[in-house]
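These notes concern the structure reproduced below.
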Amino acid sequence: MNIFETERLAVRHLETEDLDAFYAICGNAEVVRYMEDGKPLSRELTQKWIEVSQNNYRTKGYGCSAVIEKAAGDFIGFCGLVHTPGVEGQIEVIYAFKPSVWGRGYATEVVRAMLDYGRHTLNLPRIVATIHPDNIASIHVAEKAGMIYEKDEVDDAGIPTRFYAI
């Protein structure tokens, strides 16, 4: 079931059958180098992420979602709204795509739509993006999607983080 569609993309809940495609992204060192500790996820942790996302759909009404390229029907990335670990009440937009589709504007397209969905369908008052300052492409996505820079901080693990919000 699609949550929403854009001109070129469909966004739907993650399914158990998505494990291989999801792991191809989460387990790719190039894709995750700026995410959390920068280490690829194991297949087992990727499976757990699907399970947590499915529970979030049931209990919160949202979570990490699959991004499907409509023309080919391919799983090309993920985007979603999640609770920031360790920060009570903070909702964060997350997104990543397989390298073969980088540079096509998919991230900006889906993040704009996800922010709209979060704000107008889910009535979330505030959504943030936490981005490593060296991740210039992701900073551009947040800005093009209408998010505003708020601050730079260093997290508890010593990782620099740039905050954007809408």
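In the structure tokens, chains take the letters A, B, ... in the order shown, each chain's residues start at 1, and ligands count up from 1 in the order shown.
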Each residue of range 19-96 of chain A with at least one atom at most 9 Å from range 112-130 of chain A should appear once, together with its nearest atom pair and the corresponding distance in Å (one decimal); atoms considered: only C-alpha atoms; ordering: chain, then increasing residue number; output as CSV.
residue,atom,partner,partner_atom,distance
A:Gly61,CA,A:Leu122,CA,8.2
A:Tyr62,CA,A:Leu122,CA,8.5
A:Cys79,CA,A:Met114,CA,7.6
A:Gly80,CA,A:Met114,CA,6.9
A:Leu81,CA,A:Gly118,CA,7.5
A:Gln90,CA,A:Ile127,CA,7.2
A:Ile91,CA,A:Ile127,CA,5.2
A:Glu92,CA,A:Val128,CA,4.7
A:Val93,CA,A:Ala129,CA,5.5
A:Ile94,CA,A:Ala129,CA,7.0
Checklist entry - What is the distance, in Å and to one decimal place, between CA of Phe78 in chain A and CA of Thr6 in chain A? => result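 It comes out at 14.1 Å.
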Find the residues near Ala66 in chain A: any atom within 9 Å, counting only C-alpha atoms, skip ones fewer than 4 places away on the same chain, and give them as a PDB file with all heavy atoms, in the first residue's frame.
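Result file follows (around20.pdb):
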ATOM      1  N   ALA A  10       6.986   6.270  -5.672  1.00  0.00           N
ATOM      2  CA  ALA A  10       5.941   5.788  -4.769  1.00  0.00           C
ATOM      3  C   ALA A  10       6.608   5.486  -3.433  1.00  0.00           C
ATOM      4  O   ALA A  10       7.708   4.928  -3.392  1.00  0.00           O
ATOM      5  CB  ALA A  10       5.277   4.535  -5.325  1.00  0.00           C
ATOM      6  N   VAL A  11       5.954   5.854  -2.347  1.00  0.00           N
ATOM      7  CA  VAL A  11       6.477   5.609  -1.002  1.00  0.00           C
ATOM      8  C   VAL A  11       5.479   4.702  -0.296  1.00  0.00           C
ATOM      9  O   VAL A  11       4.284   4.991  -0.261  1.00  0.00           O
ATOM     10  CB  VAL A  11       6.670   6.937  -0.233  1.00  0.00           C
ATOM     11  CG1 VAL A  11       7.113   6.682   1.193  1.00  0.00           C
ATOM     12  CG2 VAL A  11       7.688   7.812  -0.964  1.00  0.00           C
ATOM     13  N   ARG A  12       6.009   3.592   0.231  1.00  0.00           N
ATOM     14  CA  ARG A  12       5.150   2.607   0.890  1.00  0.00           C
ATOM     15  C   ARG A  12       5.856   2.050   2.127  1.00  0.00           C
ATOM     16  O   ARG A  12       7.052   2.230   2.299  1.00  0.00           O
ATOM     17  CB  ARG A  12       4.788   1.475  -0.065  1.00  0.00           C
ATOM     18  CG  ARG A  12       5.993   0.668  -0.522  1.00  0.00           C
ATOM     19  CD  ARG A  12       5.557  -0.645  -1.153  1.00  0.00           C
ATOM     20  NE  ARG A  12       6.642  -1.355  -1.782  1.00  0.00           N
ATOM     21  CZ  ARG A  12       7.605  -2.027  -1.140  1.00  0.00           C
ATOM     22  NH1 ARG A  12       7.655  -2.063   0.182  1.00  0.00           N
ATOM     23  NH2 ARG A  12       8.533  -2.667  -1.818  1.00  0.00           N
ATOM     24  N   HIS A  13       5.096   1.349   2.960  1.00  0.00           N
ATOM     25  CA  HIS A  13       5.663   0.710   4.130  1.00  0.00           C
ATOM     26  C   HIS A  13       6.699  -0.334   3.713  1.00  0.00           C
ATOM     27  O   HIS A  13       6.549  -0.980   2.669  1.00  0.00           O
ATOM     28  CB  HIS A  13       4.577   0.019   4.946  1.00  0.00           C
ATOM     29  CG  HIS A  13       3.650   0.972   5.630  1.00  0.00           C
ATOM     30  ND1 HIS A  13       2.496   0.559   6.224  1.00  0.00           N
ATOM     31  CD2 HIS A  13       3.707   2.305   5.824  1.00  0.00           C
ATOM     32  CE1 HIS A  13       1.871   1.588   6.763  1.00  0.00           C
ATOM     33  NE2 HIS A  13       2.591   2.671   6.519  1.00  0.00           N
ATOM     34  N   LEU A  14       7.722  -0.485   4.530  1.00  0.00           N
ATOM     35  CA  LEU A  14       8.693  -1.555   4.313  1.00  0.00           C
ATOM     36  C   LEU A  14       8.015  -2.899   4.558  1.00  0.00           C
ATOM     37  O   LEU A  14       7.187  -3.038   5.463  1.00  0.00           O
ATOM     38  CB  LEU A  14       9.876  -1.409   5.274  1.00  0.00           C
ATOM     39  CG  LEU A  14      10.864  -0.297   4.957  1.00  0.00           C
ATOM     40  CD1 LEU A  14      11.807  -0.078   6.138  1.00  0.00           C
ATOM     41  CD2 LEU A  14      11.647  -0.618   3.696  1.00  0.00           C
ATOM     42  N   GLU A  15       8.384  -3.885   3.751  1.00  0.00           N
ATOM     43  CA  GLU A  15       7.855  -5.232   3.869  1.00  0.00           C
ATOM     44  C   GLU A  15       9.008  -6.196   4.114  1.00  0.00           C
ATOM     45  O   GLU A  15      10.152  -5.916   3.740  1.00  0.00           O
ATOM     46  CB  GLU A  15       7.112  -5.613   2.584  1.00  0.00           C
ATOM     47  CG  GLU A  15       5.967  -4.673   2.267  1.00  0.00           C
ATOM     48  CD  GLU A  15       5.409  -4.860   0.866  1.00  0.00           C
ATOM     49  OE1 GLU A  15       5.994  -5.650   0.071  1.00  0.00           O
ATOM     50  OE2 GLU A  15       4.402  -4.209   0.565  1.00  0.00           O
ATOM     51  N   ASP A  18      11.434  -6.879   1.399  1.00  0.00           N
ATOM     52  CA  ASP A  18      12.346  -5.801   0.986  1.00  0.00           C
ATOM     53  C   ASP A  18      13.762  -5.988   1.536  1.00  0.00           C
ATOM     54  O   ASP A  18      14.642  -5.185   1.233  1.00  0.00           O
ATOM     55  CB  ASP A  18      11.832  -4.436   1.477  1.00  0.00           C
ATOM     56  CG  ASP A  18      10.562  -4.002   0.782  1.00  0.00           C
ATOM     57  OD1 ASP A  18      10.389  -4.319  -0.405  1.00  0.00           O
ATOM     58  OD2 ASP A  18       9.740  -3.336   1.449  1.00  0.00           O
ATOM     59  N   PHE A  22      16.779  -3.426   0.747  1.00  0.00           N
ATOM     60  CA  PHE A  22      17.053  -2.505   1.855  1.00  0.00           C
ATOM     61  C   PHE A  22      18.485  -2.699   2.361  1.00  0.00           C
ATOM     62  O   PHE A  22      19.203  -1.734   2.619  1.00  0.00           O
ATOM     63  CB  PHE A  22      16.023  -2.751   2.954  1.00  0.00           C
ATOM     64  CG  PHE A  22      15.928  -1.685   4.013  1.00  0.00           C
ATOM     65  CD1 PHE A  22      16.016  -0.333   3.704  1.00  0.00           C
ATOM     66  CD2 PHE A  22      15.705  -2.036   5.329  1.00  0.00           C
ATOM     67  CE1 PHE A  22      15.898   0.638   4.694  1.00  0.00           C
ATOM     68  CE2 PHE A  22      15.588  -1.083   6.328  1.00  0.00           C
ATOM     69  CZ  PHE A  22      15.697   0.258   6.001  1.00  0.00           C
ATOM     70  N   PHE A  75      13.045  -0.743  -6.022  1.00  0.00           N
ATOM     71  CA  PHE A  75      13.304  -0.208  -4.690  1.00  0.00           C
ATOM     72  C   PHE A  75      14.627   0.547  -4.803  1.00  0.00           C
ATOM     73  O   PHE A  75      15.673  -0.051  -5.021  1.00  0.00           O
ATOM     74  CB  PHE A  75      13.431  -1.382  -3.704  1.00  0.00           C
ATOM     75  CG  PHE A  75      13.606  -0.991  -2.259  1.00  0.00           C
ATOM     76  CD1 PHE A  75      12.669  -1.348  -1.323  1.00  0.00           C
ATOM     77  CD2 PHE A  75      14.732  -0.309  -1.823  1.00  0.00           C
ATOM     78  CE1 PHE A  75      12.834  -1.028   0.015  1.00  0.00           C
ATOM     79  CE2 PHE A  75      14.907   0.030  -0.485  1.00  0.00           C
ATOM     80  CZ  PHE A  75      13.955  -0.335   0.432  1.00  0.00           C
ATOM     81  N   ILE A  76      14.570   1.878  -4.686  1.00  0.00           N
ATOM     82  CA  ILE A  76      15.790   2.673  -4.907  1.00  0.00           C
ATOM     83  C   ILE A  76      16.291   3.368  -3.648  1.00  0.00           C
ATOM     84  O   ILE A  76      17.391   3.939  -3.657  1.00  0.00           O
ATOM     85  CB  ILE A  76      15.597   3.716  -6.023  1.00  0.00           C
ATOM     86  CG1 ILE A  76      14.476   4.691  -5.669  1.00  0.00           C
ATOM     87  CG2 ILE A  76      15.355   3.033  -7.368  1.00  0.00           C
ATOM     88  CD1 ILE A  76      14.443   5.935  -6.545  1.00  0.00           C
ATOM     89  N   GLY A  77      15.506   3.353  -2.578  1.00  0.00           N
ATOM     90  CA  GLY A  77      15.952   4.039  -1.382  1.00  0.00           C
ATOM     91  C   GLY A  77      14.928   3.960  -0.273  1.00  0.00           C
ATOM     92  O   GLY A  77      13.955   3.209  -0.360  1.00  0.00           O
ATOM     93  N   PHE A  78      15.195   4.735   0.764  1.00  0.00           N
ATOM     94  CA  PHE A  78      14.244   4.826   1.859  1.00  0.00           C
ATOM     95  C   PHE A  78      14.108   6.276   2.292  1.00  0.00           C
ATOM     96  O   PHE A  78      14.999   7.099   2.084  1.00  0.00           O
ATOM     97  CB  PHE A  78      14.615   3.924   3.042  1.00  0.00           C
ATOM     98  CG  PHE A  78      15.879   4.298   3.767  1.00  0.00           C
ATOM     99  CD1 PHE A  78      15.891   5.285   4.746  1.00  0.00           C
ATOM    100  CD2 PHE A  78      17.061   3.638   3.495  1.00  0.00           C
ATOM    101  CE1 PHE A  78      17.057   5.620   5.430  1.00  0.00           C
ATOM    102  CE2 PHE A  78      18.239   3.952   4.171  1.00  0.00           C
ATOM    103  CZ  PHE A  78      18.230   4.947   5.137  1.00  0.00           C
ATOM    104  N   CYS A  79      12.969   6.576   2.868  1.00  0.00           N
ATOM    105  CA  CYS A  79      12.691   7.891   3.423  1.00  0.00           C
ATOM    106  C   CYS A  79      11.637   7.669   4.490  1.00  0.00           C
ATOM    107  O   CYS A  79      10.807   6.771   4.363  1.00  0.00           O
ATOM    108  CB  CYS A  79      12.164   8.830   2.340  1.00  0.00           C
ATOM    109  SG  CYS A  79      11.910  10.540   2.891  1.00  0.00           S
ATOM    110  N   GLY A  80      11.701   8.456   5.533  1.00  0.00           N
ATOM    111  CA  GLY A  80      10.696   8.277   6.548  1.00  0.00           C
ATOM    112  C   GLY A  80      10.786   9.297   7.648  1.00  0.00           C
ATOM    113  O   GLY A  80      11.664  10.167   7.657  1.00  0.00           O
TER     114      GLY A  80
END
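Close contacts of range 101-110 of chain A, defined as residues with an atom at most 7 Å away when counting only C-alpha atoms, with chain neighbours fewer than 6 positions off set aside, comprise Val141, Lys144 and Ala145 of chain A.
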Put those residues in a file: all heavy atoms, as a short mmCIF file (atom, residue, chain, number, x, y, z; two decimals), in the first residue's frame.
data_model
loop_
_atom_site.label_atom_id
_atom_site.label_comp_id
_atom_site.auth_asym_id
_atom_site.auth_seq_id
_atom_site.Cartn_x
_atom_site.Cartn_y
_atom_site.Cartn_z
N VAL A 141 19.71 18.93 -0.14
CA VAL A 141 18.36 18.34 -0.16
C VAL A 141 17.49 19.02 0.90
O VAL A 141 16.37 19.43 0.60
CB VAL A 141 18.42 16.81 0.08
CG1 VAL A 141 17.03 16.25 0.36
CG2 VAL A 141 19.04 16.12 -1.13
N LYS A 144 16.66 22.61 -0.19
CA LYS A 144 15.73 22.65 -1.32
C LYS A 144 14.34 22.19 -0.91
O LYS A 144 13.35 22.60 -1.52
CB LYS A 144 16.26 21.80 -2.48
CG LYS A 144 17.41 22.45 -3.21
CD LYS A 144 17.72 21.72 -4.50
CE LYS A 144 18.78 20.70 -4.28
NZ LYS A 144 19.21 19.99 -5.48
N ALA A 145 14.26 21.37 0.12
CA ALA A 145 12.96 20.89 0.61
C ALA A 145 12.30 21.90 1.54
O ALA A 145 11.20 21.67 2.02
CB ALA A 145 13.13 19.55 1.32
#
Checklist entry - How many Å lie between CA of Val67 in chain A and CA of Lys151 in chain A, rounded to one decimal? => result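 Result for CA of Val67 in chain A versus CA of Lys151 in chain A: 28.9 Å, one decimal.
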Checklist entry - In terms of the shortest atom-to-atom distance over only C-alpha atoms, which of A:Val31, A:Leu41, A:Ile50, A:Ala157 is closest to Tyr95 in chain A? => result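 Smallest distance to Tyr95 in chain A is found for A:Val31.
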Next on the checklist: What's around Asn135 in chain A at 10 Å? Count only C-alpha atoms, leave out sequence neighbours fewer than 2 positions away in its own chain, and write the answer as a PyMOL selection string.
Outcome noted: chain A and resi 33-35+131-133+137-140+162
Selected residues written out, N, CA, C and O atoms, as an mmCIF file, in the first residue's frame:
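Now in result_35.cif:
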data_model
loop_
_atom_site.group_PDB
_atom_site.id
_atom_site.type_symbol
_atom_site.label_atom_id
_atom_site.label_comp_id
_atom_site.auth_asym_id
_atom_site.auth_seq_id
_atom_site.Cartn_x
_atom_site.Cartn_y
_atom_site.Cartn_z
ATOM 1 N N ARG A 33 28.141 6.385 5.041
ATOM 2 C CA ARG A 33 29.337 6.999 5.642
ATOM 3 C C ARG A 33 29.028 8.210 6.511
ATOM 4 O O ARG A 33 29.765 8.503 7.436
ATOM 5 N N TYR A 34 27.928 8.928 6.240
ATOM 6 C CA TYR A 34 27.571 10.094 7.046
ATOM 7 C C TYR A 34 26.407 9.829 8.000
ATOM 8 O O TYR A 34 25.923 10.745 8.650
ATOM 9 N N MET A 35 25.957 8.597 8.077
ATOM 10 C CA MET A 35 24.813 8.262 8.928
ATOM 11 C C MET A 35 25.312 7.664 10.243
ATOM 12 O O MET A 35 26.165 6.785 10.236
ATOM 13 N N ILE A 131 22.267 16.278 10.022
ATOM 14 C CA ILE A 131 23.139 15.997 8.877
ATOM 15 C C ILE A 131 24.586 16.257 9.263
ATOM 16 O O ILE A 131 24.900 17.292 9.865
ATOM 17 N N HIS A 132 25.459 15.348 8.882
ATOM 18 C CA HIS A 132 26.890 15.569 9.085
ATOM 19 C C HIS A 132 27.302 16.770 8.223
ATOM 20 O O HIS A 132 26.919 16.856 7.049
ATOM 21 N N PRO A 133 28.071 17.708 8.771
ATOM 22 C CA PRO A 133 28.433 18.926 8.021
ATOM 23 C C PRO A 133 29.183 18.668 6.710
ATOM 24 O O PRO A 133 29.155 19.505 5.816
ATOM 25 N N ALA A 137 25.650 17.109 -0.153
ATOM 26 C CA ALA A 137 24.473 16.736 -0.951
ATOM 27 C C ALA A 137 23.218 16.700 -0.083
ATOM 28 O O ALA A 137 22.160 17.202 -0.482
ATOM 29 N N SER A 138 23.316 16.155 1.117
ATOM 30 C CA SER A 138 22.158 16.072 1.996
ATOM 31 C C SER A 138 21.758 17.447 2.528
ATOM 32 O O SER A 138 20.569 17.731 2.683
ATOM 33 N N ILE A 139 22.734 18.300 2.757
ATOM 34 C CA ILE A 139 22.434 19.676 3.165
ATOM 35 C C ILE A 139 21.629 20.379 2.072
ATOM 36 O O ILE A 139 20.628 21.045 2.350
ATOM 37 N N HIS A 140 22.040 20.179 0.822
ATOM 38 C CA HIS A 140 21.300 20.785 -0.298
ATOM 39 C C HIS A 140 19.872 20.247 -0.378
ATOM 40 O O HIS A 140 18.935 20.999 -0.649
ATOM 41 N N ARG A 162 24.730 18.907 11.980
ATOM 42 C CA ARG A 162 24.067 20.151 11.588
ATOM 43 C C ARG A 162 22.563 19.909 11.642
ATOM 44 O O ARG A 162 22.072 18.924 11.107
#
Checklist entry - What separation in Å, quoted to one decimal, exists between CA of Tyr149 in chain A and CA of Phe163 in chain A? => result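 Computed distance, CA of Tyr149 in chain A to CA of Phe163 in chain A, equals 6.0 Å.
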